[in-house]
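The block underneath contains the structure these notes are about, expressed in C-alpha cells.
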Number of protein chains: 2
Amino acid sequence: MPIYKAPVEDTLFLLNDVFHLDRYNNLPGFADASPDIVAAILNEAAKFCEDVLTPINHSGDQEGCTRHPDGRVTTPKGFKEAYKQFIDGGWVGMSAPAEFGGQGLPSLLSIIVNEYLASANLAFSMYPGLVQGAVAALLQHGSDELKAAYLPHLISGQWAGTMNLTEPHCGTDLGMLRTKAVKQGDGSYKITGTKIFISGGEQDLTENIIHLVLARIEGAPEGTKGISLFVVPKVMLRADGSLGDRNGVSCGSIEEKMGIHGSATCVMNYDGAIGWLVGAENRGLNAMFTMMNEARLGVGLQGLALSEVAYQNAVIYTKERLQGRAISGVKFPDKPADPIIVHPDVRRVLMTMRAFNEAARALVIWTALNGDIAHRSPEDKQRQAADDHMGLLTPVVKGVLTDLGFANAVMAQQVFGGHGYIVEHGMEQFVRDARIPMIYEGANGIQALDLVGRKLAKDGGRAIMAFFNEVQTYLKEHAGNEAMEPYVKPLGQSLAHLQQGTMWFMNNAMAKPDNAGAGSYDYMHLFGLVALGYMWCRIAEAAMEKSKADGAAPMLNAKLVTGRFFMERMLPETAIRLACIEAGAASMMELPAEAF
Amino acid sequence: MPIYKAPVEDTLFLLNDVFHLDRYNNLPGFADASPDIVAAILNEAAKFCEDVLTPINHSGDQEGCTRHPDGRVTTPKGFKEAYKQFIDGGWVGMSAPAEFGGQGLPSLLSIIVNEYLASANLAFSMYPGLVQGAVAALLQHGSDELKAAYLPHLISGQWAGTMNLTEPHCGTDLGMLRTKAVKQGDGSYKITGTKIFISGGEQDLTENIIHLVLARIEGAPEGTKGISLFVVPKVMLRADGSLGDRNGVSCGSIEEKMGIHGSATCVMNYDGAIGWLVGAENRGLNAMFTMMNEARLGVGLQGLALSEVAYQNAVIYTKERLQGRAISGVKFPDKPADPIIVHPDVRRVLMTMRAFNEAARALVIWTALNGDIAHRSPEDKQRQAADDHMGLLTPVVKGVLTDLGFANAVMAQQVFGGHGYIVEHGMEQFVRDARIPMIYEGANGIQALDLVGRKLAKDGGRAIMAFFNEVQTYLKEHAGNEAMEPYVKPLGQSLAHLQQGTMWFMNNAMAKPDNAGAGSYDYMHLFGLVALGYMWCRIAEAAMEKSKADGAAPMLNAKLVTGRFFMERMLPETAIRLACIEAGAASMMELPAEAF
C-alpha cells in the first residue's frame, strides 16, 4: 500500500529561503504566520495527512461512494470520522476572516495544506476544497444576510459547499445553460433544472450542504449575459438560523468514474428549490470568474500533489526492487541483483518527477503569495500587480501542473513494471486520480485559450510585460555570476522563446485568429517551462546562499543538481513549443470536417 | 458506447500503393494473398471485430474475469461464443504452416488482423494472440513429437497457449528465476514453482491450455545460462492424443488490474507438473528471444490499435458536441453552438492522433513484411537484411507505438471533457487498457536499452547502417522533387539528429556506459519519430502517384495534409531528443541514492 510523507522541509525552505515570507509582514495575517507557527501548522497538517488520510485513500478508491434508494449518499469507510477530525482541527477556516470564525492566516498556508491533503487523499480533499470556493463566493458577492447565515457554518466546516455550473448539454459554453430561476414575492427564487458533475452534491459528512448554482432568471437575456448565481441550501434555515425542512434539491444519481471514487460526483435535480441571489442579477458568471483563479490554482496544485505522492512511492520501490546490474559495474555484489535505482533510465524518471515537483511547489507558492497580496495589500499598485500575476499564471499552473502531474503519475507507475498495473500496489489509482485535474475546472485546452485569448492581451498586455520584466531583471542581476550560469543561461534562451512566441501571436493571430488557437496549447506549456525554469533559478540561488550561510547540506546540494537536470533535460523543450506555435494553423485546419 | 470501424481502406492503401505487396509474390504464401483475397479477408475480419468483439468490449471490462473456488476461471459474458466464432473462422491459423492445418498466408495479414482485434477488444485479442506465440515457439524449437502433438490443436484454436516467464521476484532479470525442473526417467520433467502475470493462464474458452514455461533444470548453472523452456499442458494427452488427466498446474488467483479486465491475468502454481523440454537444455532464453521480435511487434501494434479506436470515437464526439463558436467566425448559425471540431485546439488533438495512426500502421506493416521476408525469403542476404530490420525496429515499434498510443488515448478522452472521465462513455477504458502495452513484453525502458545496448552495436552496426542507408537513398532520390520537399526536407533534418545521436553514443558510451542508459529512452523516441517520418514520406509519395494515376481523391489529399502536419508539428521533437541524449548522464546520476 502506498505511503505518503508531506514535504514539510521543502515547503519551509521555499517559504523562508526562497520567498522570504517574513518580508510580507505588513499584510494582514502574515505577522501571525511566523516561521515557528508555520512550521508547527505544516507539521500538524502533515501528521493528519499521513496518519489519517493516507490510510483511507486506497480503501476509499476501492469502496467508492454509494447512493441509496432514498437519495442519500454515503462516503467510504473512514471518511466521516476523518472529516470530523479535520473540522475539529479548524483546518477549513484557517485562512478565512476572523469575523466569521476563521483564523485569518495567509491563504498561502491553506493552499500548502491543500497540496498535502490532495497527495494523501485527493477524493477526500475535494469535500473541504469546495467549501473554500463557496466561502469565497459568499464573501465577495453575498449580501450581509447571506454572509451571516452561511459563512460561520461553512468556515467551521459544519456545512459543506458545492459549485453547480455544468448541465448535460453545456460545460465550457455556459451561455447555453437552461436551469431556471423564478422570482418569488419574498425576494427568494425557485430554481428548477438539472446540474451534472457536482462534486459533493450529496454526502454524509455534514448536516447541511450549501449549493452555489448558476441559473437563468425568467426573462433574462440569452447567452452568458443572462446568468445569475444563487445560493441554495440542502436544508432550509429557520428564522433563528437552525436547520428546518429539506429544500427541493436532491441527488438523482452518482457517476461511475475512472477515479476519485471517494468523491461523490452527483447529478443534482433542482425541483423548485428555494434559493437566494448572490451578487447582482445576470452577473452570475462574473461572480464565478472572481473565484476561478483560486479554484484553478487549487486544481493545478492537485497535479503537483499526485506527482509528489507517486514519486515518493516510486523512490521506495526503486531502492527495494532488485533487478539487473548497474551498467557502470555491480553495486551490491552481496545481493542477487542491484536495486533498480542504479539504472540510468530509472534515474531519468525519478529526476524528471523530482525536478518538476520541487519547481512546481515553488510556482504554486509564488502564485498563492501573489493571491494574498492581491487581496490583502494596502497598496493599490501592489494589489494590481499581484492580481495581474495571478490572472496570468493561473491558467499556466492549472494546465501545465495537471498535465505534467498526470504524466509523472504514469512514469511512477511505469517504474513498478507489471506490479504497477495491479490494483493492490496503489500506483494505478494515482494515475486514475491524476487524470481528472486535467479536465475539471476548465479542461486544459480551455486554460490555454484563456491564457492566449484573454490573459495575454488584457490591459494592453500589462501582465505579460510585467512577467517578462521580472524574469529579465533577474537574469540581468545574475548575469555575471558564474555559479548561477548553468541556471540563468538556459532560462535566458527559453525566455527568448516565450517572447518570440508571444510576438508571433501579436503578428499572426489578429488577421487569422485560428493561429492563436492552433498555438495556444504549446504556448501554455512553453510558458509553464519558463515559469518552472525561473523557479529553479530562484531555488538554486537560495540554495547557494543558504550553503554559504549555514554550510553545505545534502538537501541543498540536491537542489543544485536537480536544477541542473531541469535545465539540461526539461527546459530545452521550449524550442519545440515555439516551433509548433510558429507552424501556425494551416495544416491543422486545412481538412474539411468530413475528412475526419 | 464506443464504436469501431476497422480501417480497411487505409490498410489496403498501405499494402497495395505504399508497400506494393504484389512485388513479394516470390515468397511462399504471398502469391495466394492477391489484392482481392486480402481485401476479402480484411473485410471479413473487420465485420467480426465490429459486430462481435466491439459490443462485448465495454461489458467485458465491467464484468471482468472470475476465478471460482475450484480454480476455474470464467471470462466475461460473450467471450466464449465470440472465441468459438473466431476459431470457426479459421483466424488463429491464418498464417500457420499448412502441414499443421494452417493456411500459410503471410504473417503480415495476421498482424493486420491483430490490429483490428486489439482495437475492437484488447482483452479478448490477448487469448488468440498468445496462441501465436506458443505456435512460434514450438515450430522453431519443438521436437517433431511435440509439434505433432500440439501444433494442430493450437493452430485450429481448439487449444490455447501461454507464456510463463515472470516470477514474483523477477521479471526483467530472468537470471534470478527459481522455478525448478526435475528430469524423470521417461524424458519428461517435473516442474515446480510459481509464475505470475500469466495472461490466459486459466480460462473457459478452450478445452486445453498449453503452457510454455521457463524453468531451471536441477543442477543447471545459475543465471540466464541455466534456464530451459518447457511445454506443460493443462490437461495431459493420452497416447492416442486425446485429453486425459489434469496436469499439476493450477491458477492460484487472478490479478485485479487497472484495465484489460476481460483478460485473465493469473498466478500459476506448478506443483510437480509434467513438462517436456522445448529446444536444448539451458537454452530456454534463446528460444524465448527468437519469439520476442514477433511478440513485441504484436504489443507495439496494440498501442496503435487503442489510439485508432480512441481517435475514431473522439472524431464522432467532436462533430456532435456543440460548444462555443469558431474563433474564425460562426460556422453553424442555425445551431445553438458550433460542433467542437471547429476549434483549432480540438483539431490539434485529432490531427496529432491521426498523423500517428496512419504512419504507425505503415511502420507496423513495413516491419511485419520484413518479418515475413526474414522467415520466407529464399535468398540468404535478403533474409539477413530483413532480420536485421526486424531486430532493430522491434524495440522502436514496441516502445514508441505504445507510449504514443497511450498518450493518444488520453488525448481522445480529453476531447470529451468531463464526460470522458465517466465510465459509461468508454473512453476511460481505452486509457486503462492502453496503459499495459507500455509495460508488458518488456517495459518500454527495457526496449530502449535493448535498442541502444544490443541492437545498435550488433554485427558491427550492420542494421543501423542499413537503415540509415535506406532512408538516405530515399532522400537523395526525391531531393529534386518540389512536391516532396515538405516531407523529405524535415526528414533529412531529423535523420541527421538520429545519426548525430548514434555517433554521440559511439563516442561517449564506451568510456562511460551510463551515458548510453541515460540517453536510451530519448534515442528510442528519436528513432521512432524518424521511422514515422520516413513512413509519411512513403505515404505522401504513394498518395501523389495514385492521384496522378487515378485522379485526386479526398483520402489522398488528407494523406498529404496529415503528412505535412506531422512534419511541421511532430517531427521537430527530434531536436530535443538529441539535446537530451547529448546532455549525458552527469546530472542524472550525480546524486547518491540516499538523496532520494
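Ordered as shown in the C-alpha cells, chains take letters A, B, and onward, while each chain numbers its residues from 1 and ligands are numbered from 1 in the order shown.
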Report as number ranges by chain: the residues of stretch 328-414 of chain B with a DSSP assignment of helix (DSSP H, G or I), based on the backbone of this structure. B: 340-342, 344-376, 380-414
Restricted to C-alpha atoms, what would the selected residues look like written as a PDB file, in the first residue's frame?
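And here's again_26.pdb as it stands now:
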ATOM      1  CA  ILE B 340     -16.240  21.473 -31.255  1.00  0.00           C
ATOM      2  CA  ILE B 341     -14.328  20.178 -34.282  1.00  0.00           C
ATOM      3  CA  VAL B 342     -14.221  23.831 -35.435  1.00  0.00           C
ATOM      4  CA  PRO B 344      -8.141  24.679 -33.534  1.00  0.00           C
ATOM      5  CA  ASP B 345      -7.087  23.085 -30.259  1.00  0.00           C
ATOM      6  CA  VAL B 346      -9.533  20.240 -30.863  1.00  0.00           C
ATOM      7  CA  ARG B 347      -8.171  19.880 -34.376  1.00  0.00           C
ATOM      8  CA  ARG B 348      -4.665  19.778 -32.976  1.00  0.00           C
ATOM      9  CA  VAL B 349      -5.641  16.737 -30.951  1.00  0.00           C
ATOM     10  CA  LEU B 350      -7.394  14.992 -33.835  1.00  0.00           C
ATOM     11  CA  MET B 351      -4.592  15.686 -36.279  1.00  0.00           C
ATOM     12  CA  THR B 352      -1.949  14.539 -33.804  1.00  0.00           C
ATOM     13  CA  MET B 353      -3.711  11.225 -33.287  1.00  0.00           C
ATOM     14  CA  ARG B 354      -4.370  10.731 -36.953  1.00  0.00           C
ATOM     15  CA  ALA B 355      -0.855  11.629 -38.040  1.00  0.00           C
ATOM     16  CA  PHE B 356       0.379   8.991 -35.635  1.00  0.00           C
ATOM     17  CA  ASN B 357      -2.146   6.304 -36.506  1.00  0.00           C
ATOM     18  CA  GLU B 358      -1.600   6.345 -40.229  1.00  0.00           C
ATOM     19  CA  ALA B 359       2.189   6.363 -40.051  1.00  0.00           C
ATOM     20  CA  ALA B 360       2.274   3.827 -37.226  1.00  0.00           C
ATOM     21  CA  ARG B 361       0.144   1.482 -39.296  1.00  0.00           C
ATOM     22  CA  ALA B 362       2.633   1.842 -42.127  1.00  0.00           C
ATOM     23  CA  LEU B 363       5.520   1.185 -39.758  1.00  0.00           C
ATOM     24  CA  VAL B 364       3.895  -1.968 -38.446  1.00  0.00           C
ATOM     25  CA  ILE B 365       3.180  -3.238 -41.939  1.00  0.00           C
ATOM     26  CA  TRP B 366       6.695  -2.431 -43.107  1.00  0.00           C
ATOM     27  CA  THR B 367       8.196  -4.240 -40.136  1.00  0.00           C
ATOM     28  CA  ALA B 368       5.826  -7.199 -40.410  1.00  0.00           C
ATOM     29  CA  LEU B 369       6.641  -7.502 -44.076  1.00  0.00           C
ATOM     30  CA  ASN B 370      10.299  -7.719 -43.138  1.00  0.00           C
ATOM     31  CA  GLY B 371       9.344 -10.408 -40.647  1.00  0.00           C
ATOM     32  CA  ASP B 372       7.851 -12.473 -43.448  1.00  0.00           C
ATOM     33  CA  ILE B 373      10.879 -11.885 -45.638  1.00  0.00           C
ATOM     34  CA  ALA B 374      13.186 -12.893 -42.799  1.00  0.00           C
ATOM     35  CA  HIS B 375      11.350 -16.196 -42.440  1.00  0.00           C
ATOM     36  CA  ARG B 376      10.370 -16.964 -46.001  1.00  0.00           C
ATOM     37  CA  ASP B 380      20.199 -15.586 -47.574  1.00  0.00           C
ATOM     38  CA  LYS B 381      21.134 -11.963 -47.947  1.00  0.00           C
ATOM     39  CA  GLN B 382      17.565 -10.765 -48.156  1.00  0.00           C
ATOM     40  CA  ARG B 383      16.642 -12.873 -45.137  1.00  0.00           C
ATOM     41  CA  GLN B 384      19.506 -11.436 -43.175  1.00  0.00           C
ATOM     42  CA  ALA B 385      18.713  -7.853 -44.111  1.00  0.00           C
ATOM     43  CA  ALA B 386      15.080  -8.341 -43.178  1.00  0.00           C
ATOM     44  CA  ASP B 387      16.043  -9.973 -39.910  1.00  0.00           C
ATOM     45  CA  ASP B 388      18.352  -7.047 -39.146  1.00  0.00           C
ATOM     46  CA  HIS B 389      15.481  -4.697 -39.828  1.00  0.00           C
ATOM     47  CA  MET B 390      13.114  -6.617 -37.564  1.00  0.00           C
ATOM     48  CA  GLY B 391      15.627  -6.724 -34.740  1.00  0.00           C
ATOM     49  CA  LEU B 392      16.359  -3.018 -34.988  1.00  0.00           C
ATOM     50  CA  LEU B 393      12.819  -1.783 -35.453  1.00  0.00           C
ATOM     51  CA  THR B 394      11.053  -4.048 -32.984  1.00  0.00           C
ATOM     52  CA  PRO B 395      12.038  -2.199 -29.793  1.00  0.00           C
ATOM     53  CA  VAL B 396      11.185   1.057 -31.536  1.00  0.00           C
ATOM     54  CA  VAL B 397       7.772  -0.169 -32.586  1.00  0.00           C
ATOM     55  CA  LYS B 398       7.080  -1.621 -29.150  1.00  0.00           C
ATOM     56  CA  GLY B 399       8.285   1.342 -27.132  1.00  0.00           C
ATOM     57  CA  VAL B 400       7.210   4.255 -29.269  1.00  0.00           C
ATOM     58  CA  LEU B 401       3.878   2.972 -30.514  1.00  0.00           C
ATOM     59  CA  THR B 402       2.723   2.022 -27.026  1.00  0.00           C
ATOM     60  CA  ASP B 403       3.890   5.293 -25.456  1.00  0.00           C
ATOM     61  CA  LEU B 404       2.199   7.368 -28.129  1.00  0.00           C
ATOM     62  CA  GLY B 405      -0.808   5.080 -28.298  1.00  0.00           C
ATOM     63  CA  PHE B 406      -1.404   5.670 -24.610  1.00  0.00           C
ATOM     64  CA  ALA B 407      -0.834   9.415 -24.970  1.00  0.00           C
ATOM     65  CA  ASN B 408      -3.391   9.443 -27.759  1.00  0.00           C
ATOM     66  CA  ALA B 409      -5.964   7.519 -25.752  1.00  0.00           C
ATOM     67  CA  VAL B 410      -5.529  10.192 -23.075  1.00  0.00           C
ATOM     68  CA  MET B 411      -5.941  12.959 -25.650  1.00  0.00           C
ATOM     69  CA  ALA B 412      -9.046  11.329 -27.102  1.00  0.00           C
ATOM     70  CA  GLN B 413     -10.515  11.111 -23.614  1.00  0.00           C
ATOM     71  CA  GLN B 414      -9.688  14.782 -23.052  1.00  0.00           C
TER      72      GLN B 414
END
Which chain A residues are at most 6 Å from chain B (counting only C-alpha atoms), as JSON, numbers by chain? {"A": [173, 256, 257, 258, 323, 324, 328, 344, 345, 417, 421, 422, 423, 439, 513, 517, 518, 561, 565, 569, 580, 587]}
Contacts of stretch 227-235 of chain B at 6 Å (only C-alpha atoms; same-chain gap of 4+ positions) as a tab-separated table (two decimals) with all heavy atoms, in the first residue's frame:
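After the write, out_28.tsv holds the following:
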chain	number	residue	atom	x	y	z
B	208	ASN	N	-8.14	-27.15	-23.61
B	208	ASN	CA	-6.79	-27.37	-23.08
B	208	ASN	C	-5.98	-26.08	-23.23
B	208	ASN	O	-6.29	-25.24	-24.08
B	208	ASN	CB	-6.08	-28.53	-23.81
B	208	ASN	CG	-4.96	-29.12	-22.96
B	208	ASN	OD1	-4.71	-28.68	-21.83
B	208	ASN	ND2	-4.29	-30.13	-23.50
B	209	ILE	N	-4.99	-25.94	-22.38
B	209	ILE	CA	-4.10	-24.77	-22.43
B	209	ILE	C	-2.67	-25.28	-22.40
B	209	ILE	O	-2.30	-26.08	-21.54
B	209	ILE	CB	-4.34	-23.83	-21.24
B	209	ILE	CG1	-5.81	-23.37	-21.19
B	209	ILE	CG2	-3.42	-22.61	-21.33
B	209	ILE	CD1	-6.17	-22.54	-19.98
B	210	ILE	N	-1.89	-24.83	-23.36
B	210	ILE	CA	-0.51	-25.31	-23.47
B	210	ILE	C	0.41	-24.23	-22.93
B	210	ILE	O	0.59	-23.18	-23.56
B	210	ILE	CB	-0.17	-25.63	-24.96
B	210	ILE	CG1	-1.26	-26.52	-25.57
B	210	ILE	CG2	1.22	-26.27	-25.05
B	210	ILE	CD1	-1.58	-27.77	-24.77
B	211	HIS	N	0.98	-24.50	-21.76
B	211	HIS	CA	1.84	-23.51	-21.13
B	211	HIS	C	3.28	-23.69	-21.59
B	211	HIS	O	3.81	-24.80	-21.53
B	211	HIS	CB	1.80	-23.66	-19.60
B	211	HIS	CG	0.42	-23.56	-19.04
B	211	HIS	ND1	-0.31	-22.40	-19.04
B	211	HIS	CD2	-0.39	-24.49	-18.44
B	211	HIS	CE1	-1.50	-22.60	-18.46
B	211	HIS	NE2	-1.57	-23.87	-18.11
B	212	LEU	N	3.90	-22.60	-22.00
B	212	LEU	CA	5.34	-22.62	-22.24
B	212	LEU	C	5.99	-21.97	-21.04
B	212	LEU	O	5.67	-20.83	-20.68
B	212	LEU	CB	5.66	-21.89	-23.54
B	212	LEU	CG	5.24	-22.71	-24.76
B	212	LEU	CD1	5.17	-21.88	-26.01
B	212	LEU	CD2	6.21	-23.89	-24.95
B	213	VAL	N	6.87	-22.71	-20.39
B	213	VAL	CA	7.34	-22.33	-19.06
B	213	VAL	C	8.87	-22.31	-19.03
B	213	VAL	O	9.52	-23.27	-19.43
B	213	VAL	CB	6.85	-23.37	-18.02
B	213	VAL	CG1	7.23	-22.93	-16.61
B	213	VAL	CG2	5.35	-23.57	-18.13
B	214	LEU	N	9.41	-21.21	-18.53
B	214	LEU	CA	10.86	-21.16	-18.28
B	214	LEU	C	11.14	-21.71	-16.88
B	214	LEU	O	10.51	-21.30	-15.90
B	214	LEU	CB	11.37	-19.72	-18.36
B	214	LEU	CG	11.44	-19.09	-19.75
B	214	LEU	CD1	12.04	-17.68	-19.64
B	214	LEU	CD2	12.25	-19.94	-20.73
B	215	ALA	N	12.10	-22.63	-16.82
B	215	ALA	CA	12.45	-23.21	-15.51
B	215	ALA	C	13.92	-23.62	-15.54
B	215	ALA	O	14.56	-23.66	-16.61
B	215	ALA	CB	11.57	-24.41	-15.21
B	216	ARG	N	14.41	-23.91	-14.37
B	216	ARG	CA	15.82	-24.25	-14.24
B	216	ARG	C	15.92	-25.75	-13.91
B	216	ARG	O	15.35	-26.21	-12.91
B	216	ARG	CB	16.41	-23.43	-13.08
B	216	ARG	CG	17.91	-23.30	-13.09
B	216	ARG	CD	18.41	-22.48	-11.91
B	216	ARG	NE	18.02	-21.08	-11.96
B	216	ARG	CZ	18.59	-20.16	-12.73
B	216	ARG	NH1	19.61	-20.49	-13.50
B	216	ARG	NH2	18.17	-18.91	-12.73
B	245	ASP	N	-5.80	-36.87	-18.02
B	245	ASP	CA	-5.92	-36.28	-16.68
B	245	ASP	C	-5.41	-34.85	-16.65
B	245	ASP	O	-4.61	-34.44	-17.48
B	245	ASP	CB	-5.08	-37.11	-15.69
B	245	ASP	CG	-5.62	-38.53	-15.55
B	245	ASP	OD1	-6.84	-38.71	-15.80
B	245	ASP	OD2	-4.82	-39.43	-15.23
B	246	ARG	N	-5.84	-34.13	-15.60
B	246	ARG	CA	-5.28	-32.80	-15.35
B	246	ARG	C	-3.83	-32.91	-14.92
B	246	ARG	O	-3.45	-33.80	-14.16
B	246	ARG	CB	-6.06	-32.10	-14.22
B	246	ARG	CG	-7.35	-31.43	-14.64
B	246	ARG	CD	-7.10	-30.23	-15.53
B	246	ARG	NE	-6.34	-29.17	-14.86
B	246	ARG	CZ	-6.87	-28.11	-14.29
B	246	ARG	NH1	-8.19	-27.96	-14.29
B	246	ARG	NH2	-6.11	-27.20	-13.71
B	247	ASN	N	-3.01	-32.03	-15.39
B	247	ASN	CA	-1.61	-31.94	-15.01
B	247	ASN	C	-1.52	-31.16	-13.69
B	247	ASN	O	-2.48	-30.53	-13.26
B	247	ASN	CB	-0.84	-31.23	-16.13
B	247	ASN	CG	0.65	-31.52	-16.11
B	247	ASN	OD1	1.19	-32.10	-15.14
B	247	ASN	ND2	1.35	-31.10	-17.15
B	275	GLY	N	6.24	-31.74	-17.76
B	275	GLY	CA	6.51	-30.94	-18.94
B	275	GLY	C	7.58	-31.57	-19.79
B	275	GLY	O	8.28	-32.49	-19.36
B	276	TRP	N	7.71	-31.07	-21.02
B	276	TRP	CA	8.72	-31.58	-21.94
B	276	TRP	C	9.60	-30.44	-22.42
B	276	TRP	O	9.10	-29.33	-22.66
B	276	TRP	CB	8.06	-32.28	-23.12
B	276	TRP	CG	7.46	-33.59	-22.69
B	276	TRP	CD1	8.06	-34.81	-22.72
B	276	TRP	CD2	6.14	-33.78	-22.16
B	276	TRP	NE1	7.20	-35.77	-22.22
B	276	TRP	CE2	6.02	-35.16	-21.88
B	276	TRP	CE3	5.07	-32.94	-21.89
B	276	TRP	CZ2	4.86	-35.71	-21.33
B	276	TRP	CZ3	3.92	-33.47	-21.35
B	276	TRP	CH2	3.82	-34.86	-21.08
B	277	LEU	N	10.84	-30.75	-22.57
B	277	LEU	CA	11.82	-29.74	-22.98
B	277	LEU	C	11.55	-29.28	-24.42
B	277	LEU	O	11.33	-30.10	-25.31
B	277	LEU	CB	13.22	-30.36	-22.87
B	277	LEU	CG	14.43	-29.45	-22.97
B	277	LEU	CD1	14.47	-28.44	-21.83
B	277	LEU	CD2	15.71	-30.30	-22.97
B	278	VAL	N	11.60	-27.97	-24.61
B	278	VAL	CA	11.49	-27.39	-25.95
B	278	VAL	C	12.87	-26.83	-26.29
B	278	VAL	O	13.37	-25.94	-25.60
B	278	VAL	CB	10.44	-26.27	-26.00
B	278	VAL	CG1	10.34	-25.70	-27.41
B	278	VAL	CG2	9.08	-26.78	-25.53
B	281	GLU	N	18.62	-28.11	-23.58
B	281	GLU	CA	18.76	-27.78	-22.16
B	281	GLU	C	19.52	-26.47	-22.01
B	281	GLU	O	20.48	-26.21	-22.73
B	281	GLU	CB	19.54	-28.88	-21.44
B	281	GLU	CG	18.69	-30.06	-21.03
B	281	GLU	CD	19.47	-31.02	-20.10
B	281	GLU	OE1	20.49	-30.60	-19.53
B	281	GLU	OE2	19.03	-32.17	-19.98
B	282	ASN	N	19.09	-25.65	-21.05
B	282	ASN	CA	19.77	-24.39	-20.71
B	282	ASN	C	19.77	-23.35	-21.83
B	282	ASN	O	20.49	-22.38	-21.77
B	282	ASN	CB	21.22	-24.65	-20.26
B	282	ASN	CG	21.26	-25.57	-19.05
B	282	ASN	OD1	20.31	-25.61	-18.26
B	282	ASN	ND2	22.34	-26.33	-18.91
B	283	ARG	N	18.98	-23.64	-22.85
B	283	ARG	CA	18.91	-22.68	-23.96
B	283	ARG	C	17.52	-22.06	-24.04
B	283	ARG	O	17.07	-21.59	-25.10
B	283	ARG	CB	19.23	-23.40	-25.29
B	283	ARG	CG	20.62	-24.01	-25.34
B	283	ARG	CD	21.71	-22.96	-25.55
B	283	ARG	NE	21.63	-22.38	-26.88
B	283	ARG	CZ	22.18	-21.23	-27.22
B	283	ARG	NH1	22.84	-20.50	-26.32
B	283	ARG	NH2	22.07	-20.76	-28.45
B	284	GLY	N	16.86	-22.02	-22.92
B	284	GLY	CA	15.47	-21.55	-22.90
B	284	GLY	C	15.33	-20.08	-23.26
B	284	GLY	O	14.42	-19.69	-24.00
Residues at most 9 Å from stretch 132-149 of chain B, counting only C-alpha atoms, excluding those fewer than 2 positions away in the same chain, as a short mmCIF file (atom, residue, chain, number, x, y, z; two decimals) with N, CA and C atoms, in the first residue's frame?
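Printed below is result01.cif as written:
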data_model
loop_
_atom_site.label_atom_id
_atom_site.label_comp_id
_atom_site.auth_asym_id
_atom_site.auth_seq_id
_atom_site.Cartn_x
_atom_site.Cartn_y
_atom_site.Cartn_z
N VAL B 92 -7.14 -18.21 -36.26
CA VAL B 92 -5.91 -18.46 -35.49
C VAL B 92 -4.79 -18.96 -36.40
N GLY B 93 -5.13 -19.85 -37.32
CA GLY B 93 -4.10 -20.50 -38.13
C GLY B 93 -3.87 -19.85 -39.49
N ALA B 96 -0.27 -19.83 -40.26
CA ALA B 96 0.49 -21.00 -39.81
C ALA B 96 0.71 -21.95 -40.99
N PHE B 100 0.46 -28.22 -40.62
CA PHE B 100 -0.18 -28.39 -39.31
C PHE B 100 -1.60 -27.82 -39.29
N PRO B 128 -6.23 -15.31 -28.29
CA PRO B 128 -5.62 -15.88 -29.51
C PRO B 128 -4.21 -15.36 -29.76
N GLY B 129 -3.92 -14.13 -29.31
CA GLY B 129 -2.59 -13.57 -29.52
C GLY B 129 -1.51 -14.45 -28.90
N LEU B 130 -1.80 -14.99 -27.74
CA LEU B 130 -0.80 -15.81 -27.07
C LEU B 130 -0.65 -17.17 -27.71
N LEU B 151 0.76 -28.78 -32.19
CA LEU B 151 0.53 -27.71 -33.17
C LEU B 151 -0.84 -27.74 -33.83
N PRO B 152 -1.33 -28.91 -34.26
CA PRO B 152 -2.63 -28.87 -34.96
C PRO B 152 -3.74 -28.28 -34.09
N HIS B 153 -3.74 -28.63 -32.81
CA HIS B 153 -4.80 -28.13 -31.94
C HIS B 153 -4.61 -26.66 -31.59
N LEU B 154 -3.37 -26.22 -31.52
CA LEU B 154 -3.12 -24.80 -31.27
C LEU B 154 -3.51 -23.98 -32.50
N ILE B 155 -3.14 -24.49 -33.66
CA ILE B 155 -3.38 -23.76 -34.90
C ILE B 155 -4.86 -23.70 -35.24
N ALA B 160 -5.41 -23.33 -26.36
CA ALA B 160 -4.75 -22.03 -26.27
C ALA B 160 -3.34 -22.20 -25.73
N GLY B 161 -2.56 -21.13 -25.77
CA GLY B 161 -1.19 -21.20 -25.28
C GLY B 161 -0.91 -20.05 -24.32
N THR B 162 0.12 -20.22 -23.49
CA THR B 162 0.55 -19.12 -22.60
C THR B 162 2.07 -19.08 -22.57
N MET B 163 2.56 -17.95 -22.09
CA MET B 163 4.00 -17.77 -21.89
C MET B 163 4.24 -17.56 -20.40
N ILE B 210 -1.89 -24.83 -23.36
CA ILE B 210 -0.51 -25.31 -23.47
C ILE B 210 0.41 -24.23 -22.93
N HIS B 211 0.98 -24.50 -21.76
CA HIS B 211 1.84 -23.51 -21.13
C HIS B 211 3.28 -23.69 -21.59
N LEU B 212 3.90 -22.60 -22.00
CA LEU B 212 5.34 -22.62 -22.24
C LEU B 212 5.99 -21.97 -21.04
N VAL B 231 7.27 -27.27 -22.33
CA VAL B 231 5.86 -27.22 -22.66
C VAL B 231 5.11 -28.03 -21.60
N LEU B 237 -2.08 -35.40 -22.38
CA LEU B 237 -2.57 -36.12 -23.55
C LEU B 237 -2.37 -37.61 -23.35
N GLY B 241 -3.45 -39.19 -28.21
CA GLY B 241 -3.61 -37.74 -28.44
C GLY B 241 -4.87 -37.16 -27.83
N TRP B 276 7.71 -31.07 -21.02
CA TRP B 276 8.72 -31.58 -21.94
C TRP B 276 9.60 -30.44 -22.42
N LEU B 277 10.84 -30.75 -22.57
CA LEU B 277 11.82 -29.74 -22.98
C LEU B 277 11.55 -29.28 -24.42
N VAL B 278 11.60 -27.97 -24.61
CA VAL B 278 11.49 -27.39 -25.95
C VAL B 278 12.87 -26.83 -26.29
N GLY B 279 13.49 -27.35 -27.32
CA GLY B 279 14.86 -26.93 -27.65
C GLY B 279 15.85 -27.60 -26.71
N ALA B 280 17.05 -27.05 -26.67
CA ALA B 280 18.11 -27.67 -25.90
C ALA B 280 18.03 -27.28 -24.43
N ALA B 287 15.52 -19.61 -26.87
CA ALA B 287 14.26 -19.96 -27.53
C ALA B 287 13.23 -18.85 -27.37
N MET B 288 13.21 -18.24 -26.18
CA MET B 288 12.27 -17.15 -25.97
C MET B 288 12.63 -15.95 -26.84
N THR B 290 13.96 -15.75 -29.70
CA THR B 290 13.61 -15.84 -31.12
C THR B 290 12.14 -15.50 -31.34
N MET B 291 11.33 -15.65 -30.30
CA MET B 291 9.93 -15.28 -30.45
C MET B 291 9.68 -13.82 -30.13
N MET B 292 10.66 -13.19 -29.50
CA MET B 292 10.39 -11.91 -28.89
C MET B 292 10.11 -10.79 -29.89
N GLU B 294 8.57 -10.94 -32.73
CA GLU B 294 7.17 -11.03 -33.15
C GLU B 294 6.24 -10.59 -32.02
N ALA B 295 6.54 -11.06 -30.81
CA ALA B 295 5.66 -10.73 -29.70
C ALA B 295 5.68 -9.23 -29.42
#
